[in-house]
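File shown: my_file19.tsv (TSV, C-alpha atoms).
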```
chain	number	residue	atom	x	y	z
A	16	MET	CA	0.00	0.00	0.00
A	17	ALA	CA	1.34	3.42	-0.85
A	18	PHE	CA	0.85	6.66	1.04
A	19	ARG	CA	1.14	10.16	-0.30
A	20	LEU	CA	2.46	12.64	2.17
A	21	SER	CA	0.83	16.00	2.36
A	22	ALA	CA	3.02	19.02	1.77
A	23	ARG	CA	2.70	19.93	5.45
A	24	ALA	CA	3.84	16.49	6.59
A	25	GLY	CA	6.72	16.60	4.17
A	26	ARG	CA	7.92	19.91	5.56
A	27	ALA	CA	7.67	18.53	9.10
A	28	ILE	CA	9.72	15.49	8.25
A	29	ALA	CA	12.35	17.56	6.48
A	30	ALA	CA	12.62	19.91	9.43
A	31	THR	CA	12.85	17.02	11.87
A	32	ALA	CA	15.53	15.30	9.80
A	33	GLY	CA	17.56	18.49	9.84
A	34	LEU	CA	17.25	18.73	13.58
A	35	ILE	CA	18.25	15.11	14.00
A	36	LEU	CA	21.36	15.70	11.92
A	37	ALA	CA	22.19	18.72	14.03
A	38	PHE	CA	21.66	16.71	17.18
A	39	ASP	CA	23.86	13.91	15.86
A	40	ALA	CA	26.61	16.39	15.14
A	41	ALA	CA	26.33	17.74	18.65
A	42	TYR	CA	26.27	14.23	20.08
A	43	ALA	CA	29.43	13.33	18.20
A	44	ALA	CA	31.10	16.49	19.41
A	45	ALA	CA	30.12	15.71	22.95
A	46	ASN	CA	31.78	12.33	22.65
A	47	TRP	CA	35.16	13.78	21.86
A	48	THR	CA	36.91	12.98	25.06
A	49	VAL	CA	39.76	15.44	25.03
A	50	SER	CA	40.34	18.83	23.53
A	51	LEU	CA	42.66	21.65	24.33
A	52	THR	CA	40.10	24.32	24.96
A	53	SER	CA	37.12	23.63	27.08
A	54	GLY	CA	33.91	23.03	25.24
A	55	THR	CA	34.78	24.79	21.99
A	56	THR	CA	36.09	22.07	19.73
A	57	GLY	CA	32.83	21.12	18.10
A	58	GLY	CA	32.47	24.25	16.05
A	59	GLU	CA	29.15	25.87	15.29
A	60	ALA	CA	27.01	22.80	15.84
A	61	GLN	CA	28.37	22.25	19.32
A	62	ALA	CA	28.15	25.89	20.24
A	63	ALA	CA	24.45	25.82	19.48
A	64	SER	CA	23.63	22.66	21.43
A	65	VAL	CA	25.06	20.48	24.18
A	66	GLN	CA	28.38	21.74	25.43
A	67	ASN	CA	30.77	19.57	27.35
A	68	LEU	CA	31.29	19.66	31.06
A	69	THR	CA	34.59	20.55	32.65
A	70	ILE	CA	35.97	18.85	35.74
A	71	THR	CA	38.80	20.29	37.77
A	72	ALA	CA	40.45	19.58	41.08
A	73	SER	CA	39.25	21.52	44.08
A	74	ALA	CA	41.19	22.21	47.26
A	75	SER	CA	38.08	23.21	49.14
A	76	PRO	CA	36.56	21.62	51.07
A	77	ALA	CA	39.59	19.74	52.28
A	78	ALA	CA	39.42	15.97	52.00
A	79	GLY	CA	38.18	14.40	55.19
A	80	ASN	CA	39.57	10.95	54.53
A	81	LEU	CA	43.28	11.07	53.75
A	82	LEU	CA	45.27	8.59	51.73
A	83	TYR	CA	47.67	6.14	53.36
A	84	PRO	CA	49.43	3.16	51.81
A	85	GLY	CA	46.88	0.47	51.19
A	86	GLY	CA	44.00	2.79	52.04
A	87	ASN	CA	41.35	4.97	50.45
A	88	GLY	CA	40.85	8.73	50.55
A	89	ASP	CA	38.39	11.35	49.35
A	90	VAL	CA	38.44	13.01	45.94
A	91	VAL	CA	37.17	16.59	45.74
A	92	ALA	CA	36.15	17.81	42.29
A	93	SER	CA	34.53	20.87	40.81
A	94	ILE	CA	32.21	20.29	37.86
A	95	SER	CA	31.35	23.15	35.54
A	96	ASN	CA	28.32	23.18	33.25
A	97	PRO	CA	28.25	25.79	30.45
A	98	ASN	CA	24.80	24.74	29.21
A	99	ALA	CA	21.63	26.69	29.77
A	100	PHE	CA	20.01	23.71	31.44
A	101	PRO	CA	21.03	21.58	34.43
A	102	VAL	CA	22.91	18.36	33.80
A	103	THR	CA	22.38	15.23	35.86
A	104	ILE	CA	25.37	12.88	36.14
A	105	THR	CA	24.63	9.28	36.97
A	106	ALA	CA	27.87	7.43	36.23
A	107	LEU	CA	31.57	8.01	35.70
A	108	GLN	CA	33.93	6.36	33.23
A	109	LEU	CA	37.27	5.84	34.93
A	110	PRO	CA	40.69	6.06	33.33
A	111	ALA	CA	42.98	3.05	33.35
A	112	ASP	CA	44.81	2.36	36.58
A	113	THR	CA	48.14	2.24	34.76
A	114	VAL	CA	48.70	5.99	35.07
A	115	TYR	CA	48.86	7.28	38.62
A	116	ALA	CA	47.87	10.59	40.11
A	117	THR	CA	50.65	13.14	40.27
A	118	GLY	CA	51.65	14.35	43.70
A	119	TYR	CA	52.16	18.02	44.52
A	120	THR	CA	53.64	19.73	47.51
A	121	ASP	CA	50.88	22.35	47.69
A	122	SER	CA	47.10	22.24	47.64
A	123	ALA	CA	47.07	24.52	44.59
A	124	LEU	CA	48.75	21.69	42.69
A	125	ALA	CA	51.44	24.05	41.44
A	126	THR	CA	54.68	22.37	42.51
A	127	ALA	CA	55.21	18.74	41.60
A	128	ALA	CA	56.57	16.51	44.35
A	129	THR	CA	59.83	14.74	43.65
A	130	GLY	CA	59.53	10.97	43.74
A	131	CYS	CA	55.73	10.97	43.78
A	132	ASP	CA	54.63	11.36	40.19
A	133	SER	CA	52.37	9.66	37.66
A	134	THR	CA	54.74	6.70	37.41
A	135	SER	CA	55.34	6.11	41.10
A	136	SER	CA	52.60	7.43	43.39
A	137	THR	CA	50.34	4.33	43.05
A	138	VAL	CA	47.33	6.62	43.60
A	139	THR	CA	44.44	5.73	41.30
A	140	TRP	CA	40.67	5.81	41.16
A	141	ASN	CA	39.00	3.17	43.26
A	142	LEU	CA	37.69	0.27	41.12
A	143	SER	CA	39.65	1.40	38.07
A	144	THR	CA	41.15	-1.38	35.98
A	145	ALA	CA	43.87	-1.78	33.40
A	146	THR	CA	41.24	-1.03	30.77
A	147	SER	CA	40.24	2.56	30.27
A	148	GLY	CA	36.56	3.41	30.48
A	149	THR	CA	35.36	1.31	33.39
A	150	SER	CA	31.90	2.66	34.19
A	151	VAL	CA	30.83	3.11	37.78
A	152	GLN	CA	27.31	4.09	38.82
A	153	LEU	CA	27.08	6.90	41.34
A	154	THR	CA	25.10	6.14	44.48
A	155	THR	CA	23.23	9.42	44.06
A	156	ALA	CA	22.92	11.40	40.84
A	157	LEU	CA	24.80	14.69	40.75
A	158	VAL	CA	22.95	17.70	39.42
A	159	VAL	CA	25.11	20.48	38.04
A	160	PRO	CA	23.20	23.77	37.81
A	161	ALA	CA	22.64	25.51	34.51
A	162	GLU	CA	24.65	28.45	33.25
A	163	ALA	CA	23.15	31.74	34.35
A	164	ALA	CA	24.08	35.30	33.41
A	165	ASN	CA	26.97	33.99	31.33
A	166	VAL	CA	28.42	32.20	34.34
A	167	ALA	CA	28.69	28.43	34.04
A	168	GLY	CA	26.87	26.40	36.63
A	169	SER	CA	29.19	24.79	39.15
A	170	LEU	CA	29.07	21.93	41.59
A	171	VAL	CA	31.78	20.93	44.06
A	172	VAL	CA	31.44	17.36	45.20
A	173	THR	CA	33.43	15.10	47.51
A	174	LEU	CA	33.62	11.54	46.27
A	175	THR	CA	34.09	9.71	49.51
A	176	ASP	CA	37.01	7.27	49.60
A	177	GLU	CA	37.17	6.97	45.80
A	178	ALA	CA	40.93	7.43	45.58
A	179	VAL	CA	43.12	4.50	46.54
A	180	MET	CA	46.83	4.35	47.31
A	181	GLY	CA	48.88	1.23	46.77
A	182	ALA	CA	50.47	-0.48	49.73
A	183	GLY	CA	53.88	0.22	48.30
A	184	ALA	CA	53.45	3.96	47.92
A	185	PRO	CA	56.78	5.74	48.30
A	186	SER	CA	57.39	7.78	51.39
A	187	ALA	CA	57.88	10.76	49.08
A	188	CYS	CA	54.08	10.80	48.81
A	189	GLU	CA	53.55	11.48	52.50
A	190	GLY	CA	51.42	14.55	53.06
A	191	LYS	CA	51.20	15.35	49.36
A	192	TYR	CA	48.27	16.62	47.28
A	193	PHE	CA	47.21	14.63	44.25
A	194	SER	CA	45.72	15.57	40.94
A	195	MET	CA	43.61	12.56	40.07
A	196	PRO	CA	43.85	11.26	36.49
A	197	ALA	CA	41.20	12.87	34.29
A	198	LEU	CA	38.02	10.87	33.91
A	199	ILE	CA	37.25	9.40	30.51
A	200	GLY	CA	33.65	10.53	30.54
A	201	VAL	CA	30.37	10.74	32.35
A	202	THR	CA	26.92	9.37	31.76
A	203	ALA	CA	24.53	12.25	32.06
A	204	THR	CA	21.20	13.64	31.02
A	205	GLY	CA	20.51	17.22	30.11
A	206	GLY	CA	17.47	19.43	30.20
A	207	ALA	CA	15.91	17.99	33.31
A	208	ALA	CA	12.30	19.03	33.60
A	209	THR	CA	12.37	19.29	37.36
A	210	ALA	CA	15.08	20.96	39.34
A	211	THR	CA	16.60	18.83	42.07
A	212	THR	CA	19.26	19.45	44.65
A	213	SER	CA	22.60	17.73	44.22
A	214	PRO	CA	24.40	16.10	47.11
A	215	THR	CA	27.74	17.59	48.10
A	216	THR	CA	29.17	14.18	48.86
A	217	ASP	CA	28.77	11.06	46.83
A	218	THR	CA	30.30	7.68	46.15
A	219	TYR	CA	30.07	4.80	43.77
B	21	MET	CA	-8.56	29.69	19.22
B	22	SER	CA	-8.05	31.37	22.56
B	23	ARG	CA	-4.86	30.93	24.59
B	24	CYS	CA	-4.92	28.66	27.62
B	25	PRO	CA	-4.03	30.54	30.80
B	26	PRO	CA	-1.02	29.39	32.84
B	27	GLY	CA	-1.89	26.42	35.02
B	28	ASP	CA	-4.67	25.27	32.71
B	29	PRO	CA	-4.28	21.50	32.19
B	30	ARG	CA	-5.07	21.97	28.51
B	31	ARG	CA	-2.05	24.23	28.18
B	32	ALA	CA	0.81	22.77	26.16
B	33	PRO	CA	3.69	21.50	28.26
B	34	ALA	CA	6.71	23.71	28.71
B	35	ARG	CA	9.11	23.64	25.80
B	36	PRO	CA	11.98	21.31	26.52
B	37	GLY	CA	15.54	22.55	26.78
B	38	PRO	CA	17.69	22.62	23.67
B	39	ALA	CA	19.22	19.23	24.30
B	40	ARG	CA	15.81	17.61	24.32
B	41	TRP	CA	14.41	19.55	21.45
B	42	ALA	CA	15.25	17.29	18.54
B	43	VAL	CA	14.52	14.16	20.52
B	44	GLY	CA	11.22	15.60	21.60
B	45	LEU	CA	10.15	16.37	18.05
B	46	LEU	CA	11.15	12.93	16.86
B	47	ALA	CA	9.20	11.33	19.66
B	48	ALA	CA	6.18	13.50	18.96
B	49	LEU	CA	6.24	12.60	15.28
B	50	SER	CA	6.45	8.87	15.92
B	51	GLY	CA	3.80	9.17	18.59
B	52	ALA	CA	1.42	10.94	16.21
B	53	ALA	CA	1.71	8.07	13.76
B	54	SER	CA	0.61	5.53	16.37
B	55	GLY	CA	-1.98	7.75	17.97
B	56	ALA	CA	-0.20	8.14	21.32
B	57	LEU	CA	2.61	10.34	22.53
B	58	PRO	CA	5.38	8.22	24.05
B	59	ALA	CA	7.45	9.46	26.94
B	60	VAL	CA	10.14	11.82	25.76
B	61	PRO	CA	13.53	10.31	26.51
B	62	GLN	CA	16.26	12.57	27.71
B	63	PRO	CA	19.45	12.58	25.69
B	64	VAL	CA	22.35	10.72	27.16
B	65	TRP	CA	25.92	11.49	26.30
B	66	ALA	CA	29.38	10.79	27.61
B	67	GLY	CA	32.53	12.80	27.70
B	68	TRP	CA	33.46	16.42	28.01
B	69	ALA	CA	36.18	18.71	26.84
B	70	VAL	CA	39.01	19.25	29.23
B	71	ALA	CA	41.95	21.57	29.19
B	72	ALA	CA	45.34	19.97	28.68
B	73	GLY	CA	46.55	18.46	31.90
B	74	ALA	CA	43.11	18.65	33.46
B	75	SER	CA	42.46	16.81	36.67
B	76	GLY	CA	39.71	14.45	37.66
B	77	GLY	CA	39.71	15.78	41.20
B	78	GLN	CA	41.99	16.27	44.16
B	79	ALA	CA	43.02	13.81	46.83
B	80	THR	CA	45.34	14.33	49.78
B	81	ALA	CA	47.74	11.96	51.46
B	82	GLY	CA	48.13	11.82	55.20
B	83	SER	CA	51.43	12.52	56.86
B	84	ALA	CA	53.57	9.97	58.58
B	85	PRO	CA	52.98	9.78	62.31
B	86	ALA	CA	55.47	11.27	64.71
B	87	ALA	CA	58.22	8.98	65.94
B	88	PRO	CA	57.91	7.37	69.36
B	89	THR	CA	59.41	9.19	72.29
B	90	GLY	CA	60.94	8.03	75.54
B	91	VAL	CA	63.03	5.38	73.82
B	92	SER	CA	65.75	3.88	76.00
B	93	SER	CA	67.72	0.70	76.35
B	94	ALA	CA	68.59	-1.17	79.54
B	95	CYS	CA	70.72	-4.12	80.50
B	96	GLY	CA	68.87	-7.34	81.07
B	97	THR	CA	68.41	-8.17	84.72
B	98	THR	CA	67.96	-11.91	84.59
B	99	LEU	CA	70.16	-13.06	81.75
B	100	LEU	CA	73.71	-12.19	80.83
B	101	GLY	CA	74.17	-10.79	77.33
B	102	SER	CA	70.68	-9.41	77.14
B	103	LEU	CA	69.25	-5.97	76.50
B	104	SER	CA	65.79	-4.51	76.58
B	105	VAL	CA	64.43	-1.51	74.70
B	106	SER	CA	61.38	0.42	75.84
B	107	TRP	CA	59.41	3.42	74.62
B	108	THR	CA	56.32	5.44	75.38
B	109	ALA	CA	53.05	4.29	73.85
B	110	VAL	CA	51.69	6.47	71.03
B	111	PRO	CA	47.91	6.77	70.63
B	112	GLY	CA	46.75	5.42	67.28
B	113	ALA	CA	49.86	3.34	66.69
B	114	THR	CA	49.19	0.03	65.03
B	115	SER	CA	52.54	-1.51	65.83
B	116	TYR	CA	56.17	-0.68	66.49
B	117	THR	CA	59.40	-1.59	64.75
B	118	VAL	CA	62.88	-1.78	66.34
B	119	PHE	CA	66.11	-1.24	64.43
B	120	GLU	CA	69.59	-1.96	65.79
B	121	SER	CA	73.13	-1.05	64.84
B	122	THR	CA	76.57	-2.09	66.06
B	123	THR	CA	78.28	0.41	63.78
B	124	SER	CA	77.43	3.83	65.15
B	125	ALA	CA	74.58	6.01	66.29
B	126	THR	CA	74.06	7.27	62.76
B	127	SER	CA	74.53	4.32	60.43
B	128	GLY	CA	74.34	0.57	60.06
B	129	PHE	CA	70.81	0.11	61.34
B	130	SER	CA	68.92	-3.02	60.36
B	131	LEU	CA	65.57	-4.44	61.31
B	132	ALA	CA	65.59	-6.21	64.66
B	133	ALA	CA	61.90	-6.74	65.27
B	134	ALA	CA	58.60	-5.70	63.67
B	135	GLY	CA	54.93	-5.95	64.46
B	136	LEU	CA	55.44	-5.24	68.16
B	137	THR	CA	52.26	-4.17	69.90
B	138	GLY	CA	53.70	-3.58	73.38
B	139	THR	CA	56.15	-0.92	74.52
B	140	THR	CA	59.16	-3.13	75.33
B	141	TRP	CA	61.34	-5.57	73.42
B	142	SER	CA	64.26	-7.72	74.54
B	143	SER	CA	67.21	-9.26	72.79
B	144	THR	CA	69.55	-11.94	74.10
B	145	PHE	CA	72.95	-13.51	73.45
B	146	LEU	CA	74.58	-10.25	72.49
B	147	ALA	CA	78.32	-10.06	72.90
B	148	GLY	CA	81.42	-8.09	72.08
B	149	SER	CA	79.99	-4.87	70.78
B	150	TYR	CA	78.16	-1.63	71.32
B	151	TRP	CA	74.46	-1.67	70.57
B	152	PHE	CA	72.35	1.25	69.36
B	153	TYR	CA	68.58	1.16	68.93
B	154	VAL	CA	65.86	3.25	67.36
B	155	VAL	CA	62.13	2.63	67.27
B	156	ALA	CA	59.54	3.57	64.63
B	157	LEU	CA	55.81	3.15	64.74
B	158	ILE	CA	53.26	2.12	62.16
B	159	GLY	CA	50.15	4.26	62.17
B	160	SER	CA	47.51	4.10	59.46
B	161	ASN	CA	49.89	1.93	57.43
B	162	TRP	CA	52.59	4.58	57.18
B	163	GLN	CA	55.75	4.22	59.20
B	164	SER	CA	57.05	7.10	61.22
B	165	GLY	CA	60.60	8.30	61.06
B	166	PRO	CA	63.04	6.81	63.53
B	167	SER	CA	63.10	7.84	67.14
B	168	THR	CA	66.14	9.32	68.78
B	169	VAL	CA	68.94	6.80	69.17
B	170	THR	CA	69.41	5.15	72.49
B	171	GLY	CA	72.71	5.52	74.26
B	172	PRO	CA	75.05	2.65	73.44
B	173	ARG	CA	75.07	-0.46	75.58
B	174	GLN	CA	78.19	-2.61	75.64
B	175	ILE	CA	78.20	-6.34	76.15
B	176	ALA	CA	81.60	-7.71	77.20
B	177	LEU	CA	82.79	-10.46	74.92
B	178	LEU	CA	83.76	-13.02	77.55
B	179	SER	CA	81.77	-12.13	80.63
B	180	LEU	CA	78.63	-11.02	78.74
B	181	LEU	CA	78.29	-8.31	81.31
B	182	CYS	CA	76.22	-5.35	80.17
B	183	SER	CA	77.13	-1.79	80.85
```
Output the file's structure as structure tokens, nothing else.
Amino acid sequence: MAFRLSARAGRAIAATAGLILAFDAAYAAANWTVSLTSGTTGGEAQAASVQNLTITASASPAAGNLLYPGGNGDVVASISNPNAFPVTITALQLPADTVYATGYTDSALATAATGCDSTSSTVTWNLSTATSGTSVQLTTALVVPAEAANVAGSLVVTLTDEAVMGAGAPSACEGKYFSMPALIGVTATGGAATATTSPTTDTY
Amino acid sequence: MSRCPPGDPRRAPARPGPARWAVGLLAALSGAASGALPAVPQPVWAGWAVAAGASGGQATAGSAPAAPTGVSSACGTTLLGSLSVSWTAVPGATSYTVFESTTSATSGFSLAAAGLTGTTWSSTFLAGSYWFYVVALIGSNWQSGPSTVTGPRQIALLSLLCS
């Protein structure tokens, strides 16, 4: 059986197809895991749709649980959302455990610590494996506020005990501050219809 | 057709955010074909752009505990050629480790005993040398630095008398 589309339906389908293509382009841009400038690598399509999140280390609040050889400690991160809608993060994709966190002598992570670097510190993400991209589900979803007045939304969260230090960590790592290896990605939804409050501490 | 006032249930739902827009239209179109509007899924994506050298967060390592204090050595009272080492208990210590040296107060130390949970340790059948001791503690899995060195104790080679 054959159907003839009305002119109106045809225009609707054409418009929708165009939007889908635009969305696909934005989706692909969002899946680029690394770029040198935050959220601007996707060109015009990305600028007009979903922009990537940015995660950075945060010295405040100070970690409550500190790292010791063979033990776990807190990770404090700041998540920035440049989109005009809140983003809800439900899972993290961890980097491989073969690259360690770099130790620094100061909480601003400005001066690298001798003998406690990315090849020796043994500090990694909890539950990370030799394979990059291990996905871990957060106990509670994190909601990063929307951009407002040209200021990106921001959330600082403490991931309780999600850093781990190997039992053979060198003594050069005592009392040092660590920049955790960058995450591979997040699983998130955008444009939440209802605003919710994010927890300030979380785990997975 | 007149506009529905805000709050009117007949009013069209709020326009979704830009990320949901295309998905919402697609869902609406497919829903119209079947006669029912399906739930609008939210887009899901992974990854974000990061500046070179970006961090995934910050963690902090604890410091090594302070070394034990009150460390001293004493001649054994019941056995010739014996020494005992004692120290003051440190709150939070998991265990203590004793190192000994017959070289000097600053070098030649080697492990004499580990995993000690009390505050004394004894060694026997020592002879013909000077003995120096230091003690370290294990707290939260990280070992402290060494304590101050005890004054040397000498065990006479033939008599095994301690002084």
Nearest-residue call for Ser73 in chain A, choices A:Glu162, A:Gly168, A:Leu174, A:Ser136, using all atoms listed in the file: A:Leu174
Between CA of Thr144 in chain A and CA of Ala77 in chain A, distance in Å (one decimal):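 CA of Thr144 in chain A sits 26.7 Å away from CA of Ala77 in chain A.
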Spatial neighbours of Pro85 in chain B, 9 Å, all atoms listed in the file, chain gap at least 3 places, as an MDAnalysis selection string: chainID B and resid 82 88 113 157:160 162:165
Selected residues written out with C-alpha atoms, as a tab-separated table (two decimals), keeping the file's coordinate frame:
```tsv
chain	number	residue	atom	x	y	z
B	82	GLY	CA	48.13	11.82	55.20
B	88	PRO	CA	57.91	7.37	69.36
B	113	ALA	CA	49.86	3.34	66.69
B	157	LEU	CA	55.81	3.15	64.74
B	158	ILE	CA	53.26	2.12	62.16
B	159	GLY	CA	50.15	4.26	62.17
B	160	SER	CA	47.51	4.10	59.46
B	162	TRP	CA	52.59	4.58	57.18
B	163	GLN	CA	55.75	4.22	59.20
B	164	SER	CA	57.05	7.10	61.22
B	165	GLY	CA	60.60	8.30	61.06
```
Contact residues around Thr144 in chain B with all atoms listed in the file at 8 Å, ignoring same-chain residues under 4 positions, as an MDAnalysis selection string: chainID B and resid 99:103
Residue neighbourhood range 186-203 of chain A, 6 Å, all atoms listed in the file, exclusion window fewer than 4 positions, as a short mmCIF file (atom, residue, chain, number, x, y, z; two decimals) with C-alpha atoms, keeping the file's coordinate frame:
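Listing of part17.cif after writing:
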```
data_model
loop_
_atom_site.label_atom_id
_atom_site.label_comp_id
_atom_site.auth_asym_id
_atom_site.auth_seq_id
_atom_site.Cartn_x
_atom_site.Cartn_y
_atom_site.Cartn_z
CA THR A 103 22.38 15.23 35.86
CA ILE A 104 25.37 12.88 36.14
CA THR A 105 24.63 9.28 36.97
CA ALA A 106 27.87 7.43 36.23
CA LEU A 107 31.57 8.01 35.70
CA GLN A 108 33.93 6.36 33.23
CA LEU A 109 37.27 5.84 34.93
CA PRO A 110 40.69 6.06 33.33
CA ALA A 116 47.87 10.59 40.11
CA THR A 117 50.65 13.14 40.27
CA GLY A 118 51.65 14.35 43.70
CA TYR A 119 52.16 18.02 44.52
CA THR A 120 53.64 19.73 47.51
CA SER A 122 47.10 22.24 47.64
CA GLY A 130 59.53 10.97 43.74
CA CYS A 131 55.73 10.97 43.78
CA VAL B 64 22.35 10.72 27.16
CA TRP B 65 25.92 11.49 26.30
CA ALA B 66 29.38 10.79 27.61
CA GLY B 67 32.53 12.80 27.70
CA SER B 75 42.46 16.81 36.67
CA GLY B 76 39.71 14.45 37.66
CA GLY B 77 39.71 15.78 41.20
CA GLN B 78 41.99 16.27 44.16
CA ALA B 79 43.02 13.81 46.83
CA THR B 80 45.34 14.33 49.78
CA ALA B 81 47.74 11.96 51.46
CA GLY B 82 48.13 11.82 55.20
CA SER B 83 51.43 12.52 56.86
#
```
